[in-house]
>>> print(open('structure.tsv').read())   # TSV, C-alpha atoms
chain	number	residue	atom	x	y	z
A	1	MET	CA	0.00	0.00	0.00
A	2	THR	CA	1.12	3.53	-0.60
A	3	GLU	CA	1.91	5.95	2.19
A	4	LEU	CA	-1.15	8.08	1.34
A	5	ALA	CA	-3.58	5.17	1.64
A	6	LYS	CA	-2.29	4.27	5.08
A	7	LYS	CA	-2.88	7.75	6.53
A	8	ARG	CA	-6.56	8.04	5.55
A	9	PRO	CA	-8.80	8.36	8.61
A	10	GLU	CA	-11.60	5.92	9.20
A	11	PHE	CA	-15.05	7.21	10.04
A	12	ARG	CA	-17.07	4.42	11.56
A	13	ASN	CA	-19.69	6.12	13.74
A	14	ILE	CA	-20.88	9.62	14.39
A	15	ASN	CA	-20.36	10.66	17.98
A	16	ALA	CA	-23.51	12.60	18.82
A	17	LEU	CA	-21.91	14.65	21.59
A	18	SER	CA	-18.86	15.86	19.69
A	19	ASP	CA	-19.77	15.67	15.98
A	20	LEU	CA	-23.39	16.82	15.75
A	21	PRO	CA	-23.00	20.23	17.43
A	22	THR	CA	-20.24	21.16	14.99
A	23	TYR	CA	-22.05	19.86	11.88
A	24	ARG	CA	-23.30	22.66	9.61
A	25	LEU	CA	-26.63	21.71	8.10
A	26	PRO	CA	-27.55	23.37	4.77
A	27	ALA	CA	-30.70	25.50	4.50
A	28	ALA	CA	-32.60	22.69	2.75
A	29	GLY	CA	-31.77	20.39	5.67
A	30	TRP	CA	-33.13	22.91	8.16
A	31	VAL	CA	-36.34	23.25	6.13
A	32	SER	CA	-36.71	19.48	6.02
A	33	ILE	CA	-36.23	19.05	9.76
A	34	LEU	CA	-38.51	21.99	10.59
A	35	HIS	CA	-41.14	20.61	8.21
A	36	ARG	CA	-41.24	17.41	10.25
A	37	ILE	CA	-41.23	19.29	13.57
A	38	SER	CA	-44.05	21.58	12.45
A	39	GLY	CA	-46.15	18.60	11.34
A	40	LEU	CA	-45.58	16.86	14.67
A	41	LEU	CA	-46.42	20.05	16.59
A	42	MET	CA	-49.69	20.49	14.73
A	43	PHE	CA	-50.57	16.82	15.26
A	44	LEU	CA	-49.84	16.92	18.99
A	45	LEU	CA	-51.76	20.16	19.50
A	46	MET	CA	-54.77	18.99	17.49
A	47	PRO	CA	-57.02	18.79	20.62
A	48	LEU	CA	-56.19	22.43	21.40
A	49	ILE	CA	-56.90	23.43	17.80
A	50	ILE	CA	-60.27	21.70	17.91
A	51	TRP	CA	-61.10	23.33	21.25
A	52	LEU	CA	-60.12	26.76	19.93
A	53	PHE	CA	-62.25	26.32	16.83
A	54	ASP	CA	-65.23	24.98	18.78
A	55	ASN	CA	-65.15	27.83	21.29
A	56	SER	CA	-64.75	30.46	18.62
A	57	ILE	CA	-67.89	29.52	16.68
A	58	SER	CA	-70.31	27.85	19.14
A	59	SER	CA	-71.99	30.87	20.70
A	60	GLU	CA	-71.36	34.38	21.91
A	61	ILE	CA	-70.68	33.13	25.44
A	62	SER	CA	-68.15	30.57	24.27
A	63	PHE	CA	-66.48	33.23	22.12
A	64	ALA	CA	-66.23	35.45	25.20
A	65	LYS	CA	-64.52	32.57	27.05
A	66	PHE	CA	-62.27	32.08	24.04
A	67	SER	CA	-61.27	35.75	24.08
A	68	ALA	CA	-60.76	35.70	27.85
A	69	ALA	CA	-58.42	32.72	27.54
A	70	PHE	CA	-56.06	34.88	25.50
A	71	ASN	CA	-56.47	38.04	27.58
A	72	VAL	CA	-56.72	36.82	31.18
A	73	GLY	CA	-55.79	33.17	30.96
A	74	LEU	CA	-57.41	29.82	31.38
A	75	GLY	CA	-57.25	28.28	34.85
A	76	PHE	CA	-53.62	28.28	35.95
A	77	VAL	CA	-52.33	29.03	32.42
A	78	PRO	CA	-51.68	32.77	31.89
A	79	GLY	CA	-52.95	34.56	28.79
A	80	TRP	CA	-49.49	35.36	27.43
A	81	PHE	CA	-48.67	31.64	27.43
A	82	MET	CA	-51.83	30.90	25.45
A	83	LYS	CA	-50.70	33.52	22.94
A	84	LEU	CA	-47.27	31.91	22.70
A	85	VAL	CA	-48.84	28.52	22.02
A	86	ALA	CA	-51.06	30.12	19.37
A	87	LEU	CA	-47.97	31.78	17.87
A	88	ALA	CA	-46.21	28.39	17.74
A	89	LEU	CA	-49.24	26.95	15.95
A	90	ILE	CA	-49.24	29.86	13.52
A	91	TRP	CA	-45.57	29.24	12.73
A	92	ALA	CA	-46.11	25.47	12.43
A	93	TYR	CA	-48.96	25.92	9.99
A	94	LEU	CA	-47.21	28.55	7.87
A	95	HIS	CA	-43.91	26.69	7.73
A	96	HIS	CA	-45.56	23.34	6.99
A	97	PHE	CA	-47.72	24.88	4.25
A	98	ILE	CA	-44.90	26.82	2.56
A	99	ALA	CA	-42.46	23.90	2.77
A	100	GLY	CA	-45.14	21.58	1.41
A	101	MET	CA	-45.75	23.94	-1.52
A	102	ARG	CA	-41.99	23.99	-2.12
A	103	HIS	CA	-41.88	20.20	-2.25
A	104	LEU	CA	-44.92	20.04	-4.55
A	105	TYR	CA	-43.35	22.57	-6.92
A	106	MET	CA	-40.10	20.62	-7.02
A	107	ASP	CA	-42.02	17.39	-7.69
A	108	VAL	CA	-44.19	18.83	-10.45
A	109	CYS	CA	-41.52	20.88	-12.23
A	110	HIS	CA	-38.62	18.48	-11.65
A	111	ALA	CA	-36.69	21.43	-10.24
A	112	VAL	CA	-34.09	19.40	-8.43
A	113	SER	CA	-30.80	21.22	-8.39
A	114	LYS	CA	-28.50	22.30	-5.62
A	115	GLU	CA	-28.96	26.00	-6.41
A	116	PHE	CA	-32.76	25.82	-6.51
A	117	GLY	CA	-32.85	23.75	-3.34
A	118	LYS	CA	-30.78	26.31	-1.48
A	119	SER	CA	-32.65	29.36	-2.77
A	120	SER	CA	-36.11	27.86	-2.25
A	121	ALA	CA	-35.15	26.76	1.27
A	122	ILE	CA	-34.06	30.29	2.14
A	123	VAL	CA	-37.29	31.69	0.68
A	124	THR	CA	-39.28	29.16	2.71
A	125	LEU	CA	-37.54	30.12	5.96
A	126	VAL	CA	-37.85	33.86	5.33
A	127	LEU	CA	-41.51	33.67	4.31
A	128	SER	CA	-42.57	31.48	7.23
A	129	LEU	CA	-40.71	33.54	9.82
A	130	GLY	CA	-41.78	36.86	8.27
A	131	LEU	CA	-45.45	35.95	8.10
A	132	THR	CA	-45.27	34.55	11.63
A	133	ALA	CA	-43.80	37.85	12.85
A	134	VAL	CA	-46.58	39.83	11.16
A	135	LEU	CA	-49.34	37.62	12.55
A	136	GLY	CA	-47.62	37.47	15.95
A	137	ALA	CA	-47.58	41.26	16.09
A	138	LYS	CA	-51.32	41.23	15.43
A	139	LEU	CA	-51.84	38.50	18.04
A	140	PHE	CA	-49.97	40.46	20.72
A	141	GLY	CA	-51.78	43.69	19.83
A	142	LEU	CA	-48.93	45.68	18.30
A	143	TYR	CA	-51.24	46.92	15.55
>>> encode(input="structure.tsv", output="structure tokens")
Amino acid sequence: MTELAKKRPEFRNINALSDLPTYRLPAAGWVSILHRISGLLMFLLMPLIIWLFDNSISSEISFAKFSAAFNVGLGFVPGWFMKLVALALIWAYLHHFIAGMRHLYMDVCHAVSKEFGKSSAIVTLVLSLGLTAVLGAKLFGLY
């Protein structure tokens, strides 16, 4: 064997504690992971979503309770925490929707290239975070 072949390092396993924190994930990787997280978040909070929808349309009294849950709180849960949970749901929906549209576009148009993947991932992240910031400002009463 040559001298060069003997000095090559062997990579057998990834050490989660030392290798993963230093690994730089590309933008498309972040979008993929966040797409899965947002789907899981929406699935796990489905009972809250159903409760919010039911209380918002049942009657005027239930809508008043619904509004009070965000202003005063609900039991031992303060109102600002309810707004944060709603903001997380807003982000999860927006990110999941935009990332899903990105994947559908890539599937339909066969737009699979490294450049398009990077640019569309950045657009997905910017759009989902920007729209979440706008709707979050409305949720917290900034406008």
>>> atom_distance(input="structure.tsv", atom1="atom CA of A:Ser128", atom2="atom CA of A:Leu94")
5.5 Å
>>> residues_around(input="structure.tsv", residues="stretch 62-67 of chain A", least_positions_apart="3", cutoff="12 Å", atoms="all atoms listed in the file", output="list in words")
Leu48, Ile49, Trp51, Leu52, Phe53, Asp54, Asn55, Ser56, Ile57, Ser58, Ser59, Phe70, Asn71, Val72, Gly73, Leu74, Gly75, Gly79, Met82, Lys83 and Leu139 of chain A
>>> closest_residue(input="structure.tsv", among="A:Leu20, A:Leu89, A:Ala99, A:Met46", to="A:Leu125", atoms="only C-alpha atoms")
A:Ala99
>>> closest_atom_pairs(input="structure.tsv", of="stretch 67-94 of chain A", to="stretch 28-39 of chain A", cutoff="10 Å", atoms="only C-alpha atoms", output="CSV")
residue,atom,partner,partner_atom,distance
A:Ala88,CA,A:Ser38,CA,8.9
A:Leu89,CA,A:Ser38,CA,8.2
A:Ile90,CA,A:Ser38,CA,9.8
A:Trp91,CA,A:Ser38,CA,7.8
A:Ala92,CA,A:Ser38,CA,4.4
A:Tyr93,CA,A:Ser38,CA,7.0
A:Leu94,CA,A:Ser38,CA,8.9
>>> atom_distance(input="structure.tsv", atom1="atom CA of A:Leu131", atom2="atom CA of A:Leu87")
10.9 Å
>>> atom_distance(input="structure.tsv", atom1="atom CA of A:Ala121", atom2="atom CA of A:Ala27")
5.6 Å
>>> closest_residue(input="structure.tsv", among="A:Ala16, A:Arg102, A:Met42, A:Ala86", to="A:Lys118", atoms="all atoms listed in the file")
A:Arg102
>>> build_atoms(input="structure.tsv", residues="stretch 131-142 of chain A", atoms="all heavy atoms", output="tab-separated table (two decimals), in the coordinates of the input")
chain	number	residue	atom	x	y	z
A	131	LEU	N	-44.00	35.97	7.91
A	131	LEU	CA	-45.45	35.95	8.10
A	131	LEU	C	-45.82	35.65	9.55
A	131	LEU	O	-46.80	36.20	10.08
A	131	LEU	CB	-46.09	34.92	7.17
A	131	LEU	CG	-46.10	35.28	5.69
A	131	LEU	CD1	-46.58	34.10	4.85
A	131	LEU	CD2	-46.97	36.50	5.44
A	132	THR	N	-45.03	34.82	10.22
A	132	THR	CA	-45.27	34.55	11.63
A	132	THR	C	-45.06	35.81	12.46
A	132	THR	O	-45.82	36.10	13.39
A	132	THR	CB	-44.35	33.43	12.13
A	132	THR	OG1	-44.61	32.26	11.37
A	132	THR	CG2	-44.59	33.13	13.60
A	133	ALA	N	-44.04	36.59	12.12
A	133	ALA	CA	-43.80	37.85	12.85
A	133	ALA	C	-44.94	38.83	12.65
A	133	ALA	O	-45.38	39.49	13.60
A	133	ALA	CB	-42.47	38.46	12.40
A	134	VAL	N	-45.46	38.92	11.44
A	134	VAL	CA	-46.58	39.83	11.16
A	134	VAL	C	-47.82	39.39	11.92
A	134	VAL	O	-48.49	40.21	12.59
A	134	VAL	CB	-46.84	39.90	9.64
A	134	VAL	CG1	-48.15	40.61	9.35
A	134	VAL	CG2	-45.70	40.59	8.93
A	135	LEU	N	-48.16	38.11	11.84
A	135	LEU	CA	-49.34	37.62	12.55
A	135	LEU	C	-49.14	37.61	14.06
A	135	LEU	O	-50.09	37.80	14.82
A	135	LEU	CB	-49.72	36.23	12.05
A	135	LEU	CG	-50.23	36.20	10.60
A	135	LEU	CD1	-50.42	34.77	10.14
A	135	LEU	CD2	-51.49	37.00	10.46
A	136	GLY	N	-47.92	37.40	14.52
A	136	GLY	CA	-47.62	37.47	15.95
A	136	GLY	C	-47.78	38.89	16.48
A	136	GLY	O	-48.25	39.09	17.61
A	137	ALA	N	-47.38	39.86	15.68
A	137	ALA	CA	-47.58	41.26	16.09
A	137	ALA	C	-49.06	41.58	16.23
A	137	ALA	O	-49.48	42.27	17.16
A	137	ALA	CB	-46.92	42.20	15.09
A	138	LYS	N	-49.86	41.04	15.33
A	138	LYS	CA	-51.32	41.23	15.43
A	138	LYS	C	-51.87	40.50	16.65
A	138	LYS	O	-52.73	41.01	17.37
A	138	LYS	CB	-51.98	40.71	14.15
A	138	LYS	CG	-53.47	40.84	14.13
A	138	LYS	CD	-53.89	42.27	14.07
A	138	LYS	CE	-55.40	42.36	13.93
A	138	LYS	NZ	-55.89	43.71	14.12
A	139	LEU	N	-51.38	39.29	16.91
A	139	LEU	CA	-51.84	38.50	18.04
A	139	LEU	C	-51.53	39.20	19.37
A	139	LEU	O	-52.37	39.20	20.28
A	139	LEU	CB	-51.18	37.11	18.02
A	139	LEU	CG	-51.51	36.15	19.15
A	139	LEU	CD1	-52.97	35.75	19.08
A	139	LEU	CD2	-50.62	34.94	19.07
A	140	PHE	N	-50.35	39.79	19.49
A	140	PHE	CA	-49.97	40.46	20.72
A	140	PHE	C	-50.41	41.92	20.78
A	140	PHE	O	-50.06	42.63	21.69
A	140	PHE	CB	-48.46	40.34	20.94
A	140	PHE	CG	-48.04	38.99	21.45
A	140	PHE	CD1	-47.64	37.99	20.56
A	140	PHE	CD2	-48.09	38.69	22.80
A	140	PHE	CE1	-47.27	36.75	21.02
A	140	PHE	CE2	-47.73	37.45	23.26
A	140	PHE	CZ	-47.32	36.47	22.37
A	141	GLY	N	-51.17	42.36	19.80
A	141	GLY	CA	-51.78	43.69	19.83
A	141	GLY	C	-50.83	44.83	19.50
A	141	GLY	O	-51.03	45.95	19.97
A	142	LEU	N	-49.83	44.60	18.69
A	142	LEU	CA	-48.93	45.68	18.30
A	142	LEU	C	-49.50	46.57	17.22
A	142	LEU	O	-49.06	47.69	17.04
A	142	LEU	CB	-47.58	45.10	17.86
A	142	LEU	CG	-46.81	44.34	18.92
A	142	LEU	CD1	-45.51	43.79	18.35
A	142	LEU	CD2	-46.52	45.23	20.13
